Every structure is written in structure tokens, then in C-alpha cells.
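Q: Starting off with a structure, shown below.
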Amino acid sequence: MNDLLYGTRNKRGDWKPKDAMRPAPVFVWPPRPLAILQWLPHYLLPWNALFFGLALLIWSFLTPSIETLRTLAPGWILYLLVRNSAVVLLVYGALELRLYVRRAQGNQFKYNAKWPTDNRSDVFWFKHQNIDNVIRTFAVGLPIWTAYEAFVLWVFANGWAHWVSFADHPIWLACLAFFLPMIHELHFYCIHRLIHWPPLYRAVHSVHHNSANPSPWSSLSMHPVEHLLYWSGTLLHLVIPSHPLLAIYHLQISGVGAVVGHIGFDRIAVGKDTTLDAHTYAHYLHHKYFEVNYADGLMPFDRLFGTWHDGTEAADDRMNARLKARARRLTARAKA
Ligand SMILES: [Zn+2]
Ligand SMILES: [Zn+2]
């Protein structure tokens with residue numbers, strides 16, 4: 001496997017893809033039906049299919065009965081916390097173990113030549129990125145994720161949401177399932193822009209950005225306020241006709257799905273000559289440059305508002321020109 005067939009490596013050893021990142025060909029005018037058909041497999045595979053499969057498994061076999069869910073009780077809520085923690089440990093842990101502990105593919109396809117474990121800094125608890133990230137994931141992120149899940153399931157179980165069945169409304173539920181990753185990205189874009197407002201950035205979102213060179217454990221390493229906002233998208237299922245399975249799918253897209261974007265490798269080797277596109281570069285660039293790619297290219301807002309970075313030098317130039325223009329505006333305002 002030669003990663004230089006796909007990209008280039010600079011003097012520091014940082015690797016980047018050769019081709020510009022292409023945003024999803026949806027929300028473009030004129031419509032491009034053929035491009036959408038070619039893009040669909042990338043939309044579904046591997047990640048969204050994996051998250052839906054996980055949700056199906058969890059709803060079918062690993063969720064307490066409706067009778068149990070009707071009454072809030074510490075026992076089953078604690079069970080959800082343990083079950084969600086186990087899923088995160090398995091998925092994040094497998095990626096971390098393979099790519100960062102065993103370093104099974106070395107620096108091949110790795111954006112940043114440095115390893116997070118070498119990054120000792122006062123910004124992290126115990127001065128260690130991984131320890132800080134793991135504590136924030138399990139002690140803060142997972143309890144808040146579980147609290148949202150318990151609340152949503154409790155409301156469904158008591159008949160206070162508009163629970164529709166797959167038998168009665170298959171097209172509506174299939175469409176909702178199909179569009180959920182886009183709905184998640186729309187919600188994420190909105191809260192993400194909000195927490196990049198300087199006062200909220202300093203108080204809240206800077207915790208997540210401390211991991212400028214992210215690894216899977218950075219995915220849910222957030223301030224509690226960011227977690228409260230991040231998981232709130234799931235409340236959608238309490239106001240539109242939906243199904244608990246789709247609420248769980250939404251939580252999986254947000255929870256396990258957060259790892260997409262924080263893998264730090266463009267491709268994961270799955271065989272001697274086979275690699276899997278990790279779909280991770282857009283958010284890596286957000287961690288690197290902070291003020292680009294507030295979403296991941298699925299929704300059109302970064303392109304509309306000039307913050308889309310496709311990884312090319314031309315995009316670097318556009319970003320630098322934008323930041324310089326803003327600095328000039330701020331200086332002029334301070335002088336006025
Ligand atoms: Zn991130
Ligand atoms: Zn951010």
C-alpha cells in the first residue's frame with residue numbers, strides 16, 4: 001500500500017489527499033441526478049449503514065421492554081449507560097487500538113505526522129490528550145447521551161409522542177431514516193456555529209478544539225454545555241411522527257458517528273491492497289484551521305457562507321483572504 005498514489009506528504013511528514021474534497025452533489029442547482037446516484041453508496045456505506053445496523057440491534061435486543069420504559073427507574077437507565085459505553089468502547093476502542101496503539105498502518109494516510117500521545121499540554125486533564133478525552137467521553141458525554149435516550153424512550157413508552165409503526169407508515173419512516181444523517185448535520189451546523197461565537201467558544205467549545213490533532217477518543221471530548229446542545233437534536237422525534245428505532249439511530253449517528261471526522265487517517269487499511277475511505281478530512285480541517293467546515297460537506301451551508309475548505313491550496317488562499325479581511329474589519333471597528 002503506497003499512500004503517495006493518493007496524496008502527498010510534506011517535509012513535516014503530514015499527508016494530504018491529492019484531489020480536492022467534493023461536497024455531496026445534493027442541494028445543487030441544476031439538479032444532478034446521475035451524480036446523486038453515484039454518490040449514494042458513499043452516503044450509505046460504510047458509516048450510515050453501520051449506525052443503522054447498530055440501532056436495529058440495540059432496539060431489537062438491547063433495549064428494555066415498553067412496560068419497563070414507562071416508569072423512570074435508575075436500574076434500566078444505568079443499563080442504557082453501560083450498554084452505550086460498551087458500544088463506544090468497542091467502536092472507538094477498535095479504531096484507537098488498530099491505528100494509534102498498534103499503529104497497524106504506521107503513518108500511511110495519516111494527516112498529522114505527530115501522535116496525540118506525544119502531545120503533553122496544560123490544556124488537558126493530567127496534561128495528556130488521551131486521558132483527558134477518555135474521561136470527558138465516559139464521565140460527561142455518555143451520561144448526557146443516556147439521559148436524552150432515557151427521556152425520549154420514556155416519552156415514547158408513555159404514548160406522549162407520535163409513535164407511528166413501520167407497517168402503517170413505511171414510506172414516511174423510510175424517508176425519515178434516509179434523511180436523518182442530513183437532519184443531524186443541519187442541527188450540528190447550527191449549534192456548531194453558535195458555539196464558535198467567541199464568548200461561547202472560550203467558555204465551552206475550546207474544550208473540544210484542544211485536540212487540534214484528534215484521535216477517535218477526541219470525538220466526544222466536549223464541555224458539558226456542548227453535550228447538552230449536541231444531543232438535543234434527538235428531541236425532534238418527540239415532535240414529529242417517528243419511531244423509537246429512529247430515535248436510537250439518530251443517537252448512534254451522533255454518538256458513534258462522532259468518530260467520523262476524528263479518525264485522523266484518510267483511509268483505513270482493511271487488507272493488503274484494500275483501503276476504506278474514512279470520510280474524515282472535512283472535520284480534520286476544521287480541527288486544524290478552526291474557522292472552516294462547520295459541517296462536513298453534506299449540507300450546503302459552508303459553501304453558501306464561504307467557509308467550505310476542500311483541502312486544496314486554493315482553499316487555503318481563500319481562507320487566508322477571508323481571515324485577513326475580517327481582521328481588517330475588526331481593526332477598523334476598534335479604531336472607530
Ligand atoms: Zn471535532
Ligand atoms: Zn468547532
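Labels used: A, B, ... for chains in the order of the C-alpha cells, numbers from 1 for residues in each chain, and numbers from 1 for ligands as shown.
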If the limit is 9 Å from any atom of ligand 1, counting only C-alpha atoms and all ligand atoms, which residues qualify? Return them as a VMD selection string.
A: chain A and resid 208 to 209 211 to 212 214 218 to 222 258 to 259 261 to 262 283 to 284 286 to 287
Q: How would you write, as a PyMOL selection string, the set of residues no farther than 9 Å from ligand 2 when counting only C-alpha atoms and all ligand atoms?
A: chain A and resi 192-193+195-196+201+205-206+208-209+283+286-287+290-294
Q: Give me the residues within 9 Å of segment 100-103 of chain A as a list of chain:residue names, counting only C-alpha atoms and dropping any in the same chain fewer than 3 places off.
A: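 Those residues are A:Leu95, A:Glu96, A:Leu97, A:Gly106, A:Asn107, A:Trp115, A:Pro116, A:Thr117, A:Ser215.
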Q: Between A:Leu229, A:Asp168, A:Ala247, A:Ser85, which one has atoms that come closest to Leu194 of chain A, using only C-alpha atoms?
A: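 Ranked by minimum distance to Leu194 of chain A, first place goes to A:Leu229.
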Q: Restricting the calculation to only C-alpha atoms, which member of A:Met182, A:Leu40, A:Val134, A:Ala150 is positioned closest to Ile253 of chain A?
A: A:Met182
Q: For atom CA of Ile268 of chain A and atom CA of Asp3 of chain A, determine how far apart the two atoms are, in Å to one decimal place.
A: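 Atom CA of Asp3 of chain A lies at a distance of 10.9 Å from atom CA of Ile268 of chain A.
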Q: Mind checking which residues fall within 8 Å of Tyr148 of chain A, counting only C-alpha atoms, ignoring those fewer than 5 positions away in the same chain, and posting them as a tab-separated table (two decimals) with N, CA and C atoms, in the first residue's frame?
A:
```
chain	number	residue	atom	x	y	z
A	231	TRP	N	-26.71	16.71	21.79
A	231	TRP	CA	-27.67	15.60	21.77
A	231	TRP	C	-29.10	16.07	21.61
A	232	SER	N	-29.33	17.40	21.69
A	232	SER	CA	-30.71	17.90	21.70
A	232	SER	C	-31.45	17.62	20.39
A	234	THR	N	-32.05	14.96	19.08
A	234	THR	CA	-32.87	13.75	19.22
A	234	THR	C	-34.31	14.09	19.65
A	235	LEU	N	-34.49	15.28	20.24
A	235	LEU	CA	-35.84	15.66	20.70
A	235	LEU	C	-36.80	15.83	19.53
```
Q: Extract, using only C-alpha atoms, all DNA, RNA and protein residues at most 10 Å from segment 296-313 of chain A, discarding same-chain residues fewer than 4 positions from it, and format them as a ChimeraX atom specification.
A: /A:16-28,43,181-186,188-190,260-261,279-286,289,291-292,317-319,322
Q: The selected residues should be written to file as a JSON list (two decimals), in the first residue's frame (atoms: C-alpha atoms).
A:
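Done, and the output landed in out_35.json:
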```json
[["chain", "number", "residue", "atom", "x", "y", "z"],
["A", 16, "LYS", "CA", -2.90, 15.19, 2.44],
["A", 17, "PRO", "CA", -5.14, 13.87, -0.35],
["A", 18, "LYS", "CA", -4.17, 14.73, -3.91],
["A", 19, "ASP", "CA", -7.70, 15.52, -5.03],
["A", 20, "ALA", "CA", -9.99, 18.26, -3.78],
["A", 21, "MET", "CA", -12.73, 17.06, -1.47],
["A", 22, "ARG", "CA", -16.05, 17.03, -3.26],
["A", 23, "PRO", "CA", -19.15, 18.00, -1.28],
["A", 24, "ALA", "CA", -22.29, 15.88, -1.67],
["A", 25, "PRO", "CA", -23.99, 16.64, -5.03],
["A", 26, "VAL", "CA", -27.30, 17.33, -3.31],
["A", 27, "PHE", "CA", -28.65, 20.85, -2.79],
["A", 28, "VAL", "CA", -27.08, 21.96, -6.07],
["A", 43, "TYR", "CA", -23.62, 8.24, 1.68],
["A", 181, "PRO", "CA", -27.89, 11.99, 8.68],
["A", 182, "MET", "CA", -28.70, 15.25, 6.86],
["A", 183, "ILE", "CA", -31.01, 16.39, 9.67],
["A", 184, "HIS", "CA", -28.22, 15.60, 12.15],
["A", 185, "GLU", "CA", -25.73, 17.64, 10.12],
["A", 186, "LEU", "CA", -28.17, 20.57, 9.85],
["A", 188, "PHE", "CA", -24.88, 20.15, 14.20],
["A", 189, "TYR", "CA", -24.08, 23.02, 11.85],
["A", 190, "CYS", "CA", -26.46, 25.35, 13.77],
["A", 260, "VAL", "CA", -16.10, 10.06, 11.70],
["A", 261, "GLY", "CA", -14.09, 13.23, 11.49],
["A", 279, "HIS", "CA", -14.80, 10.33, 5.18],
["A", 280, "THR", "CA", -12.87, 12.20, 7.82],
["A", 281, "TYR", "CA", -10.94, 15.01, 6.10],
["A", 282, "ALA", "CA", -13.53, 17.83, 6.26],
["A", 283, "HIS", "CA", -13.70, 17.78, 10.06],
["A", 284, "TYR", "CA", -9.96, 17.20, 10.38],
["A", 285, "LEU", "CA", -9.53, 20.52, 8.53],
["A", 286, "HIS", "CA", -11.96, 22.11, 10.99],
["A", 289, "TYR", "CA", -7.97, 25.63, 10.86],
["A", 291, "GLU", "CA", -12.95, 28.51, 11.05],
["A", 292, "VAL", "CA", -13.74, 26.27, 8.09],
["A", 317, "ASP", "CA", -5.75, 31.16, -0.11],
["A", 318, "ARG", "CA", -9.49, 31.83, 0.09],
["A", 319, "MET", "CA", -9.47, 31.12, 3.84],
["A", 322, "ARG", "CA", -11.27, 35.86, 4.40]]
```
Q: Can you work out the spacing between atom CA of Pro224 of chain A and atom CA of Ala139 of chain A in Å, to one decimal?
A: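 Atom CA of Ala139 of chain A lies at a distance of 10.0 Å from atom CA of Pro224 of chain A.
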Q: Atom CA of Phe61 of chain A and atom CA of Gln252 of chain A are how many Å apart?
A: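 Separating atom CA of Phe61 of chain A from atom CA of Gln252 of chain A is a distance of 15.4 Å.
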Q: Measuring between only C-alpha atoms, which one of A:Asn119, A:Gly257, A:Asn320, A:Glu67 shows the shortest distance to Val87 of chain A?
A: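 Closest to Val87 of chain A of all the choices is A:Gly257.
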Q: Closest to Gln129 of chain A among A:Ala314, A:Ala94, A:Trp217, A:Ser254, using only C-alpha atoms?
A: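 Counting only C-alpha atoms, the residue closest to Gln129 of chain A is A:Trp217.
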Q: Which of segment 160-223 of chain A counts as alpha helix (DSSP H) under DSSP, as a VMD selection string please?
A: chain A and resid 170 to 195 198 to 200 206 to 209
Q: Smallest atom-to-atom distance to Ala161 of chain A: which of A:Leu236, A:Ile191, A:Ala325, A:Leu276, using only C-alpha atoms?
A: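 Closest residue, counting only C-alpha atoms: A:Leu236.
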Q: Can you pull out the residues contacting segment 238-246 of chain A? Cut-off 10 Å, using only C-alpha atoms, and skip same-chain residues under 3 positions away; I want them as a VMD selection string.
A: chain A and resid 52 55 to 60 149 152 to 153 155 to 157 160 to 166 169 172 to 174 176 to 177 180 234 to 235 249 to 252
Q: Using only C-alpha atoms, please write the residues we just selected to a file, as a compact mmCIF listing (two decimals), in the first residue's frame.
A:
```txt
# COMPACT_ATOMS: atom_id res chain seq x y z
CA PHE A 52 -28.46 1.88 11.33
CA ALA A 55 -29.57 0.90 16.07
CA LEU A 56 -31.54 -2.09 14.81
CA LEU A 57 -29.54 -4.45 17.03
CA ILE A 58 -29.94 -2.17 20.04
CA TRP A 59 -33.69 -1.61 19.56
CA SER A 60 -34.40 -5.30 18.86
CA GLU A 149 -32.12 8.50 25.33
CA VAL A 152 -37.06 10.05 24.70
CA LEU A 153 -37.80 6.34 25.29
CA VAL A 155 -41.94 9.68 26.50
CA PHE A 156 -42.50 7.15 23.66
CA ALA A 157 -43.37 4.37 26.09
CA TRP A 160 -46.84 11.08 24.75
CA ALA A 161 -45.00 11.18 21.39
CA HIS A 162 -46.47 10.47 17.95
CA TRP A 163 -45.21 6.86 17.61
CA VAL A 164 -46.09 5.50 14.15
CA SER A 165 -45.44 1.93 13.02
CA PHE A 166 -43.44 0.71 10.01
CA HIS A 169 -46.26 4.41 7.58
CA TRP A 172 -42.63 8.21 5.87
CA LEU A 173 -40.35 6.28 8.24
CA ALA A 174 -38.04 5.14 5.41
CA LEU A 176 -37.07 9.96 7.76
CA ALA A 177 -34.40 7.27 8.22
CA LEU A 180 -31.65 11.59 9.36
CA THR A 234 -32.87 13.75 19.22
CA LEU A 235 -35.84 15.66 20.70
CA TYR A 249 -30.48 5.58 15.05
CA HIS A 250 -30.25 9.38 15.50
CA LEU A 251 -28.35 8.84 18.78
CA GLN A 252 -26.00 6.38 17.06
```
Q: Output as a PyMOL selection string all residues of segment 55-269 of chain A that backbone DSSP marks as strand (DSSP E or B).
A: chain A and resi 110+120+128+163+242+265+267-269
